[in-house]
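Data file: model_19.tsv. Format and content: TSV, C-alpha atoms.
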```tsv
chain	number	residue	atom	x	y	z
A	1	MET	CA	25.01	153.11	79.11
A	2	SER	CA	23.77	150.37	81.42
A	3	LEU	CA	22.06	151.43	84.61
A	4	LEU	CA	21.32	147.92	85.85
A	5	GLU	CA	22.72	144.52	84.88
A	6	THR	CA	22.30	141.00	86.15
A	7	HIS	CA	24.57	138.09	85.31
A	8	ALA	CA	23.62	134.43	85.87
A	9	LEU	CA	21.29	135.57	88.66
A	10	GLN	CA	19.76	132.88	90.85
A	11	SER	CA	17.33	133.70	93.61
A	12	GLY	CA	14.32	132.35	95.43
A	13	TYR	CA	12.80	131.80	98.82
A	14	GLY	CA	15.21	130.41	101.39
A	15	ARG	CA	17.53	128.12	99.47
A	16	ILE	CA	14.89	127.03	96.97
A	17	PRO	CA	15.74	128.65	93.62
A	18	VAL	CA	13.00	130.26	91.55
A	19	LEU	CA	15.24	132.19	89.17
A	20	HIS	CA	17.76	130.22	87.15
A	21	GLY	CA	20.59	132.24	85.67
A	22	ILE	CA	18.89	135.51	84.68
A	23	ASP	CA	20.89	137.83	82.41
A	24	MET	CA	19.26	141.19	81.81
A	25	GLU	CA	20.14	144.82	81.23
A	26	VAL	CA	18.40	148.15	81.65
A	27	GLY	CA	19.94	151.13	79.92
A	28	GLU	CA	19.63	154.73	81.01
A	29	GLY	CA	16.35	156.15	79.76
A	30	GLU	CA	14.87	152.80	78.74
A	31	ILE	CA	11.55	151.13	79.44
A	32	VAL	CA	12.16	147.41	79.80
A	33	GLY	CA	9.22	145.01	79.96
A	34	VAL	CA	9.11	141.65	81.72
A	35	ILE	CA	6.42	139.19	80.62
A	36	GLY	CA	5.50	135.58	81.29
A	37	ALA	CA	2.72	133.40	82.60
A	38	ASN	CA	1.75	133.30	86.27
A	39	GLY	CA	4.50	131.62	88.27
A	40	ALA	CA	7.22	132.44	85.75
A	41	GLY	CA	9.26	134.31	88.37
A	42	LYS	CA	8.50	137.91	87.41
A	43	SER	CA	7.72	139.20	90.90
A	44	THR	CA	10.56	137.15	92.36
A	45	LEU	CA	12.94	138.89	89.96
A	46	MET	CA	11.64	142.33	90.95
A	47	LYS	CA	12.01	141.58	94.68
A	48	THR	CA	15.52	140.32	94.05
A	49	LEU	CA	16.52	143.44	92.15
A	50	ALA	CA	15.16	145.55	95.01
A	51	ARG	CA	17.27	143.39	97.37
A	52	ILE	CA	14.29	142.09	99.30
A	53	LEU	CA	15.09	138.48	98.42
A	54	TRP	CA	18.37	136.69	98.98
A	55	VAL	CA	20.65	136.02	96.00
A	56	ILE	CA	21.75	132.40	95.73
A	57	ALA	CA	24.30	133.02	92.97
A	58	GLY	CA	25.17	135.53	90.26
A	59	GLU	CA	25.60	139.27	90.10
A	60	ILE	CA	23.55	142.45	90.23
A	61	VAL	CA	25.20	145.73	89.23
A	62	PHE	CA	23.24	148.93	89.79
A	63	ALA	CA	24.46	152.44	89.03
A	64	GLY	CA	27.95	151.02	88.53
A	65	ARG	CA	28.07	149.32	91.94
A	66	PRO	CA	27.91	145.60	92.83
A	67	ALA	CA	24.55	145.28	94.58
A	68	VAL	CA	24.20	141.68	95.75
A	69	GLY	CA	25.29	142.58	99.27
A	70	LEU	CA	23.23	145.73	99.59
A	71	GLN	CA	20.12	146.25	101.72
A	72	PRO	CA	16.86	147.63	100.26
A	73	PHE	CA	17.44	151.08	101.81
A	74	GLU	CA	20.88	151.21	100.18
A	75	MET	CA	19.34	150.48	96.79
A	76	THR	CA	16.91	153.32	97.45
A	77	GLU	CA	19.79	155.62	98.27
A	78	LEU	CA	21.48	154.64	94.99
A	79	GLY	CA	18.35	155.60	93.08
A	80	LEU	CA	16.02	152.62	92.86
A	81	GLY	CA	12.28	153.01	93.36
A	82	TYR	CA	10.14	149.89	93.71
A	83	VAL	CA	6.35	149.61	93.54
A	84	PRO	CA	5.17	146.08	94.40
A	85	GLN	CA	1.88	144.84	93.02
A	86	GLU	CA	0.24	144.56	96.44
A	87	ARG	CA	0.63	146.22	99.84
A	88	ASN	CA	2.28	149.21	98.23
A	89	VAL	CA	0.77	151.93	100.46
A	90	PHE	CA	0.13	152.37	104.18
A	91	PRO	CA	-3.68	152.02	104.32
A	92	ASP	CA	-4.14	153.66	107.74
A	93	LEU	CA	-2.13	156.75	106.81
A	94	THR	CA	-3.47	159.63	104.75
A	95	VAL	CA	-2.31	160.34	101.22
A	96	GLU	CA	-0.10	163.15	102.47
A	97	GLU	CA	1.37	161.00	105.24
A	98	ASN	CA	2.18	158.26	102.72
A	99	LEU	CA	4.00	160.77	100.54
A	100	ARG	CA	5.92	162.11	103.52
A	101	MET	CA	6.98	158.56	104.37
A	102	GLY	CA	8.12	158.06	100.78
A	103	GLY	CA	10.18	161.22	100.79
A	104	TYR	CA	11.57	161.35	104.31
A	105	LEU	CA	15.14	160.73	103.06
A	106	GLY	CA	14.84	163.34	100.33
A	107	LYS	CA	16.62	166.66	100.17
A	108	ASP	CA	13.46	168.65	99.39
A	109	PRO	CA	10.34	166.61	100.27
A	110	ALA	CA	8.07	169.66	99.99
A	111	ARG	CA	9.09	170.17	96.37
A	112	ALA	CA	8.73	166.45	95.69
A	113	MET	CA	5.21	166.50	97.13
A	114	ARG	CA	4.26	169.46	94.94
A	115	SER	CA	5.54	167.51	91.96
A	116	ALA	CA	3.47	164.47	93.00
A	117	PHE	CA	0.32	166.57	93.21
A	118	GLU	CA	1.04	168.15	89.81
A	119	ARG	CA	1.47	164.71	88.27
A	120	PHE	CA	-1.58	163.19	89.98
A	121	PRO	CA	-4.01	166.04	90.81
A	122	ILE	CA	-6.54	163.65	92.34
A	123	LEU	CA	-4.05	162.91	95.12
A	124	GLU	CA	-4.05	166.56	96.17
A	125	GLU	CA	-7.83	166.42	96.38
A	126	ARG	CA	-7.49	163.31	98.55
A	127	ARG	CA	-4.47	164.46	100.58
A	128	GLY	CA	-6.28	164.16	103.92
A	129	GLN	CA	-8.00	160.86	103.07
A	130	ARG	CA	-6.75	157.51	104.38
A	131	ALA	CA	-5.07	155.50	101.64
A	132	GLY	CA	-7.12	152.42	102.46
A	133	THR	CA	-10.28	154.22	101.37
A	134	LEU	CA	-8.97	155.20	97.92
A	135	SER	CA	-10.08	153.52	94.72
A	136	GLY	CA	-7.75	150.96	93.13
A	137	GLY	CA	-6.50	153.45	90.57
A	138	GLU	CA	-5.92	156.14	93.19
A	139	ARG	CA	-3.95	153.71	95.35
A	140	GLN	CA	-1.74	152.82	92.39
A	141	MET	CA	-1.18	156.51	91.66
A	142	LEU	CA	-0.23	157.04	95.29
A	143	ALA	CA	2.16	154.08	95.26
A	144	VAL	CA	3.91	155.40	92.15
A	145	ALA	CA	3.99	158.93	93.57
A	146	CYS	CA	5.58	157.64	96.80
A	147	ALA	CA	8.29	155.84	94.82
A	148	LEU	CA	9.01	159.05	92.90
A	149	MET	CA	9.46	161.16	96.03
A	150	LEU	CA	13.20	160.45	96.04
A	151	GLU	CA	13.57	161.02	92.28
A	152	PRO	CA	14.84	157.52	91.44
A	153	LYS	CA	17.06	156.71	88.48
A	154	LEU	CA	15.20	153.42	87.99
A	155	LEU	CA	11.54	152.75	88.75
A	156	ILE	CA	10.43	149.10	89.10
A	157	LEU	CA	6.70	148.61	88.58
A	158	ASP	CA	5.18	145.21	89.29
A	159	GLU	CA	2.03	145.34	87.13
A	160	PRO	CA	0.73	148.82	88.02
A	161	THR	CA	-2.45	148.43	85.93
A	162	SER	CA	-3.70	145.15	87.40
A	163	GLY	CA	-7.45	145.23	87.96
A	164	LEU	CA	-7.90	148.85	86.90
A	165	ALA	CA	-10.70	150.15	84.71
A	166	PRO	CA	-9.73	150.81	81.05
A	167	GLN	CA	-9.79	154.60	81.40
A	168	VAL	CA	-7.65	154.49	84.55
A	169	THR	CA	-5.30	152.00	82.90
A	170	ALA	CA	-4.78	154.34	79.95
A	171	ALA	CA	-4.04	157.24	82.31
A	172	MET	CA	-1.53	155.14	84.27
A	173	ILE	CA	0.27	154.04	81.11
A	174	GLU	CA	0.44	157.65	79.94
A	175	SER	CA	1.85	158.71	83.32
A	176	VAL	CA	4.56	156.05	83.29
A	177	VAL	CA	5.59	156.95	79.75
A	178	GLN	CA	5.84	160.59	80.80
A	179	ILE	CA	7.94	159.63	83.83
A	180	ASN	CA	10.30	157.80	81.49
A	181	GLN	CA	10.46	160.72	79.06
A	182	GLU	CA	11.52	162.92	81.97
A	183	GLY	CA	14.60	160.73	82.43
A	184	THR	CA	13.67	157.83	84.73
A	185	SER	CA	14.37	154.31	83.49
A	186	VAL	CA	11.56	151.82	84.05
A	187	ILE	CA	11.22	148.07	84.52
A	188	TRP	CA	7.59	147.17	83.88
A	189	VAL	CA	6.14	143.77	84.77
A	190	VAL	CA	3.31	143.25	82.30
A	191	GLU	CA	0.38	140.94	83.02
A	192	GLU	CA	-2.59	142.88	81.70
A	193	ASN	CA	-3.00	145.16	78.66
A	194	PRO	CA	0.16	143.74	77.06
A	195	ARG	CA	-0.17	145.40	73.67
A	196	ASP	CA	-0.82	148.82	75.18
A	197	VAL	CA	2.28	148.54	77.37
A	198	ILE	CA	4.78	146.61	75.27
A	199	ARG	CA	4.57	149.07	72.38
A	200	HIS	CA	6.34	151.54	74.67
A	201	CYS	CA	9.12	149.11	75.68
A	202	ASP	CA	12.61	149.39	74.25
A	203	ARG	CA	13.26	145.77	75.17
A	204	VAL	CA	11.22	142.91	76.61
A	205	TYR	CA	12.30	139.81	78.54
A	206	PHE	CA	10.05	136.76	78.37
A	207	LEU	CA	10.37	134.55	81.47
A	208	GLU	CA	9.31	130.94	81.76
A	209	SER	CA	9.95	128.78	84.83
A	210	GLY	CA	12.46	131.28	86.19
A	211	SER	CA	14.56	131.55	83.03
A	212	VAL	CA	14.75	134.09	80.21
A	213	ILE	CA	13.42	132.28	77.15
A	214	ARG	CA	13.51	135.18	74.73
A	215	THR	CA	14.60	138.81	74.54
A	216	ASP	CA	13.38	141.17	71.84
A	217	THR	CA	12.23	144.71	71.25
A	218	GLY	CA	8.67	145.55	72.18
A	219	GLN	CA	7.84	145.89	68.49
A	220	GLY	CA	9.45	142.53	67.79
A	221	PHE	CA	7.09	140.81	70.23
A	222	LEU	CA	4.06	142.68	68.89
A	223	GLU	CA	4.83	141.58	65.34
A	224	ASP	CA	5.10	137.91	66.38
A	225	GLU	CA	2.08	136.05	65.00
A	226	ASN	CA	2.17	133.84	68.11
A	227	PHE	CA	2.10	136.80	70.49
A	228	GLU	CA	-1.11	135.91	72.30
A	229	ALA	CA	-0.03	132.31	72.93
A	230	LEU	CA	3.43	133.51	73.90
A	231	PHE	CA	2.07	135.96	76.43
A	232	LEU	CA	-0.09	133.28	78.03
A	233	GLY	CA	2.89	130.96	78.32
A	234	ARG	CA	2.00	128.67	75.40
A	235	ARG	CA	5.11	129.54	73.42
A	236	GLU	CA	5.95	128.56	69.87
A	237	LEU	CA	9.55	129.63	69.39
A	238	CYS	CA	11.77	128.65	66.52
```
Will you turn the file into structure tokens for me?
Amino acid sequence: MSLLETHALQSGYGRIPVLHGIDMEVGEGEIVGVIGANGAGKSTLMKTLARILWVIAGEIVFAGRPAVGLQPFEMTELGLGYVPQERNVFPDLTVEENLRMGGYLGKDPARAMRSAFERFPILEERRGQRAGTLSGGERQMLAVACALMLEPKLLILDEPTSGLAPQVTAAMIESVVQINQEGTSVIWVVEENPRDVIRHCDRVYFLESGSVIRTDTGQGFLEDENFEALFLGRRELC
């Protein structure tokens, strides 16, 4: 069953389109990857799905409801969690204060915080520390934990492993896979560590210049002999 769908979606900044007729689908319980070279429109698509950017044309349907006219907080209430690549925590607030901000609309924020600390034990150790003083990996853990405070149906991650050390990257990938196995659907923008991430994806959308050029399973992309060129935007498609 589809949790999110877009049909002929066009979006951008002001009235300048960046996305040109995007059709995509995320099923319940799926991990869906989005790949493409820099400037392909990946982050623009994520911001549009989260209703941060204006829709020029087309449709978004989330949790069975037309979503083009919704505000970001309404998407959150429907069950969407969004972790942007940058500026995804409040640097002057402590870890605990960030989590409280993430869960202030929740029914049981204390339970959600306990769950966050169980998932990312280092955050409990750092609970009184300002988020701006955390390491890159710890900040990404905090950002994901904040998005999970309201127990979203769909978690959008805009490259959560960017710039992280290999060991931290592996731990983050493992955490996201576990989050998915517990029932949360995931959209994962992939820029680094593509093979390690895409092997977990049920489906992958390849964007180029704001359009979907190819859709395939994660395994289908990995088996493509032109995968490396494809991922860097030098495609060779039949």
Sorted by chain and rising residue number, which residues of stretch 88-203 of chain A lie within 10 Å of stretch 3-10 of chain A, and what are their closest atom pairs and distances in Å to one decimal, counting all atoms listed in the file, as a tab-separated table?
```
residue	atom	partner	partner_atom	distance
A:Lys153	CA	A:Leu3	CA	8.2
A:Leu154	CA	A:Leu3	CA	7.9
A:Ser185	CA	A:Leu3	CA	8.3
```
Exercise for the section: Between A:Thr76, A:Thr133, A:Gln140, A:Asn226, single out the one closest to A:Asn88, counting all atoms listed in the file. Expected result: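 Looking at the shortest contact to A:Asn88, the residue is A:Gln140.
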Exercise for the section: One decimal, Å: what's the distance from atom CA of A:Val83 over to atom CA of A:Val144, could you say? Expected result: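 Atom-to-atom, atom CA of A:Val83 and atom CA of A:Val144 are spaced 6.4 Å apart.
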Practice task
Check the smallest atom-to-atom distance from each of A:Leu78, A:Ile179, A:Met24, A:Val34 to A:Glu59 using all atoms listed in the file, then report the winner.
Solution key: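 Distance minimum relative to A:Glu59 lands on A:Met24.
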Practice task
Skip stretch 92-109 of chain A itself and residues of its chain fewer than 5 positions away, then list as a PyMOL selection string all residues within 6 Å of it, counting only C-alpha atoms.
Solution key: chain A and resi 127-131+146+149-150
Could you add whatever atoms are missing so that stretch 126-157 of chain A carries N, CA and C atoms, then write the result as a PDB file, in the coordinates of the input?
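File produced: rebuild-v1.pdb:
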```pdb
ATOM      1  N   ARG A 126      -7.320 164.354  97.540  1.00  0.00           N
ATOM      2  CA  ARG A 126      -7.490 163.310  98.550  1.00  0.00           C
ATOM      3  C   ARG A 126      -6.409 163.368  99.636  1.00  0.00           C
ATOM      4  N   ARG A 127      -5.663 164.431  99.738  1.00  0.00           N
ATOM      5  CA  ARG A 127      -4.470 164.460 100.580  1.00  0.00           C
ATOM      6  C   ARG A 127      -4.750 164.137 102.048  1.00  0.00           C
ATOM      7  N   GLY A 128      -5.939 164.444 102.533  1.00  0.00           N
ATOM      8  CA  GLY A 128      -6.280 164.160 103.920  1.00  0.00           C
ATOM      9  C   GLY A 128      -7.044 162.856 104.106  1.00  0.00           C
ATOM     10  N   GLN A 129      -7.216 162.098 103.029  1.00  0.00           N
ATOM     11  CA  GLN A 129      -8.000 160.860 103.070  1.00  0.00           C
ATOM     12  C   GLN A 129      -7.085 159.660 103.321  1.00  0.00           C
ATOM     13  N   ARG A 130      -7.545 158.707 104.121  1.00  0.00           N
ATOM     14  CA  ARG A 130      -6.750 157.510 104.380  1.00  0.00           C
ATOM     15  C   ARG A 130      -6.586 156.702 103.102  1.00  0.00           C
ATOM     16  N   ALA A 131      -5.376 156.200 102.882  1.00  0.00           N
ATOM     17  CA  ALA A 131      -5.070 155.500 101.640  1.00  0.00           C
ATOM     18  C   ALA A 131      -5.924 154.259 101.455  1.00  0.00           C
ATOM     19  N   GLY A 132      -6.313 153.625 102.555  1.00  0.00           N
ATOM     20  CA  GLY A 132      -7.120 152.420 102.460  1.00  0.00           C
ATOM     21  C   GLY A 132      -8.513 152.652 101.929  1.00  0.00           C
ATOM     22  N   THR A 133      -8.942 153.905 101.873  1.00  0.00           N
ATOM     23  CA  THR A 133     -10.280 154.220 101.370  1.00  0.00           C
ATOM     24  C   THR A 133     -10.256 154.704  99.922  1.00  0.00           C
ATOM     25  N   LEU A 134      -9.075 154.760  99.306  1.00  0.00           N
ATOM     26  CA  LEU A 134      -8.970 155.200  97.920  1.00  0.00           C
ATOM     27  C   LEU A 134      -9.444 154.103  96.973  1.00  0.00           C
ATOM     28  N   SER A 135      -9.781 154.500  95.760  1.00  0.00           N
ATOM     29  CA  SER A 135     -10.080 153.520  94.720  1.00  0.00           C
ATOM     30  C   SER A 135      -8.797 152.805  94.321  1.00  0.00           C
ATOM     31  N   GLY A 136      -8.936 151.704  93.567  1.00  0.00           N
ATOM     32  CA  GLY A 136      -7.750 150.960  93.130  1.00  0.00           C
ATOM     33  C   GLY A 136      -6.802 151.812  92.310  1.00  0.00           C
ATOM     34  N   GLY A 137      -7.347 152.594  91.393  1.00  0.00           N
ATOM     35  CA  GLY A 137      -6.500 153.450  90.570  1.00  0.00           C
ATOM     36  C   GLY A 137      -5.805 154.530  91.385  1.00  0.00           C
ATOM     37  N   GLU A 138      -6.521 155.102  92.343  1.00  0.00           N
ATOM     38  CA  GLU A 138      -5.920 156.140  93.190  1.00  0.00           C
ATOM     39  C   GLU A 138      -4.822 155.562  94.058  1.00  0.00           C
ATOM     40  N   ARG A 139      -5.009 154.342  94.543  1.00  0.00           N
ATOM     41  CA  ARG A 139      -3.950 153.710  95.350  1.00  0.00           C
ATOM     42  C   ARG A 139      -2.701 153.471  94.506  1.00  0.00           C
ATOM     43  N   GLN A 140      -2.894 153.043  93.252  1.00  0.00           N
ATOM     44  CA  GLN A 140      -1.740 152.820  92.390  1.00  0.00           C
ATOM     45  C   GLN A 140      -1.031 154.144  92.080  1.00  0.00           C
ATOM     46  N   MET A 141      -1.791 155.197  91.861  1.00  0.00           N
ATOM     47  CA  MET A 141      -1.180 156.510  91.660  1.00  0.00           C
ATOM     48  C   MET A 141      -0.375 156.916  92.881  1.00  0.00           C
ATOM     49  N   LEU A 142      -0.928 156.691  94.065  1.00  0.00           N
ATOM     50  CA  LEU A 142      -0.230 157.040  95.290  1.00  0.00           C
ATOM     51  C   LEU A 142       1.045 156.218  95.447  1.00  0.00           C
ATOM     52  N   ALA A 143       0.980 154.927  95.146  1.00  0.00           N
ATOM     53  CA  ALA A 143       2.160 154.080  95.260  1.00  0.00           C
ATOM     54  C   ALA A 143       3.274 154.553  94.335  1.00  0.00           C
ATOM     55  N   VAL A 144       2.914 154.893  93.098  1.00  0.00           N
ATOM     56  CA  VAL A 144       3.910 155.400  92.150  1.00  0.00           C
ATOM     57  C   VAL A 144       4.447 156.747  92.631  1.00  0.00           C
ATOM     58  N   ALA A 145       3.566 157.610  93.088  1.00  0.00           N
ATOM     59  CA  ALA A 145       3.990 158.930  93.570  1.00  0.00           C
ATOM     60  C   ALA A 145       4.956 158.799  94.749  1.00  0.00           C
ATOM     61  N   CYS A 146       4.687 157.857  95.655  1.00  0.00           N
ATOM     62  CA  CYS A 146       5.580 157.640  96.800  1.00  0.00           C
ATOM     63  C   CYS A 146       6.968 157.203  96.332  1.00  0.00           C
ATOM     64  N   ALA A 147       6.997 156.314  95.338  1.00  0.00           N
ATOM     65  CA  ALA A 147       8.290 155.840  94.820  1.00  0.00           C
ATOM     66  C   ALA A 147       9.063 156.946  94.127  1.00  0.00           C
ATOM     67  N   LEU A 148       8.352 157.944  93.599  1.00  0.00           N
ATOM     68  CA  LEU A 148       9.010 159.050  92.900  1.00  0.00           C
ATOM     69  C   LEU A 148       9.482 160.158  93.829  1.00  0.00           C
ATOM     70  N   MET A 149       9.122 160.084  95.092  1.00  0.00           N
ATOM     71  CA  MET A 149       9.460 161.160  96.030  1.00  0.00           C
ATOM     72  C   MET A 149      10.962 161.375  96.166  1.00  0.00           C
ATOM     73  N   LEU A 150      11.746 160.320  95.933  1.00  0.00           N
ATOM     74  CA  LEU A 150      13.200 160.450  96.040  1.00  0.00           C
ATOM     75  C   LEU A 150      13.873 160.563  94.668  1.00  0.00           C
ATOM     76  N   GLU A 151      13.071 160.817  93.640  1.00  0.00           N
ATOM     77  CA  GLU A 151      13.570 161.020  92.280  1.00  0.00           C
ATOM     78  C   GLU A 151      14.505 159.888  91.858  1.00  0.00           C
ATOM     79  N   PRO A 152      13.987 158.663  91.763  1.00  0.00           N
ATOM     80  CA  PRO A 152      14.840 157.520  91.440  1.00  0.00           C
ATOM     81  C   PRO A 152      15.372 157.557  90.010  1.00  0.00           C
ATOM     82  N   LYS A 153      16.512 156.903  89.828  1.00  0.00           N
ATOM     83  CA  LYS A 153      17.060 156.710  88.480  1.00  0.00           C
ATOM     84  C   LYS A 153      16.319 155.591  87.766  1.00  0.00           C
ATOM     85  N   LEU A 154      15.886 154.592  88.542  1.00  0.00           N
ATOM     86  CA  LEU A 154      15.200 153.420  87.990  1.00  0.00           C
ATOM     87  C   LEU A 154      13.940 153.162  88.803  1.00  0.00           C
ATOM     88  N   LEU A 155      12.818 153.026  88.115  1.00  0.00           N
ATOM     89  CA  LEU A 155      11.540 152.750  88.750  1.00  0.00           C
ATOM     90  C   LEU A 155      11.091 151.347  88.354  1.00  0.00           C
ATOM     91  N   ILE A 156      10.911 150.462  89.339  1.00  0.00           N
ATOM     92  CA  ILE A 156      10.430 149.100  89.100  1.00  0.00           C
ATOM     93  C   ILE A 156       8.940 149.064  89.411  1.00  0.00           C
ATOM     94  N   LEU A 157       8.147 148.674  88.434  1.00  0.00           N
ATOM     95  CA  LEU A 157       6.700 148.610  88.580  1.00  0.00           C
ATOM     96  C   LEU A 157       6.232 147.174  88.363  1.00  0.00           C
TER      97      LEU A 157
END
```
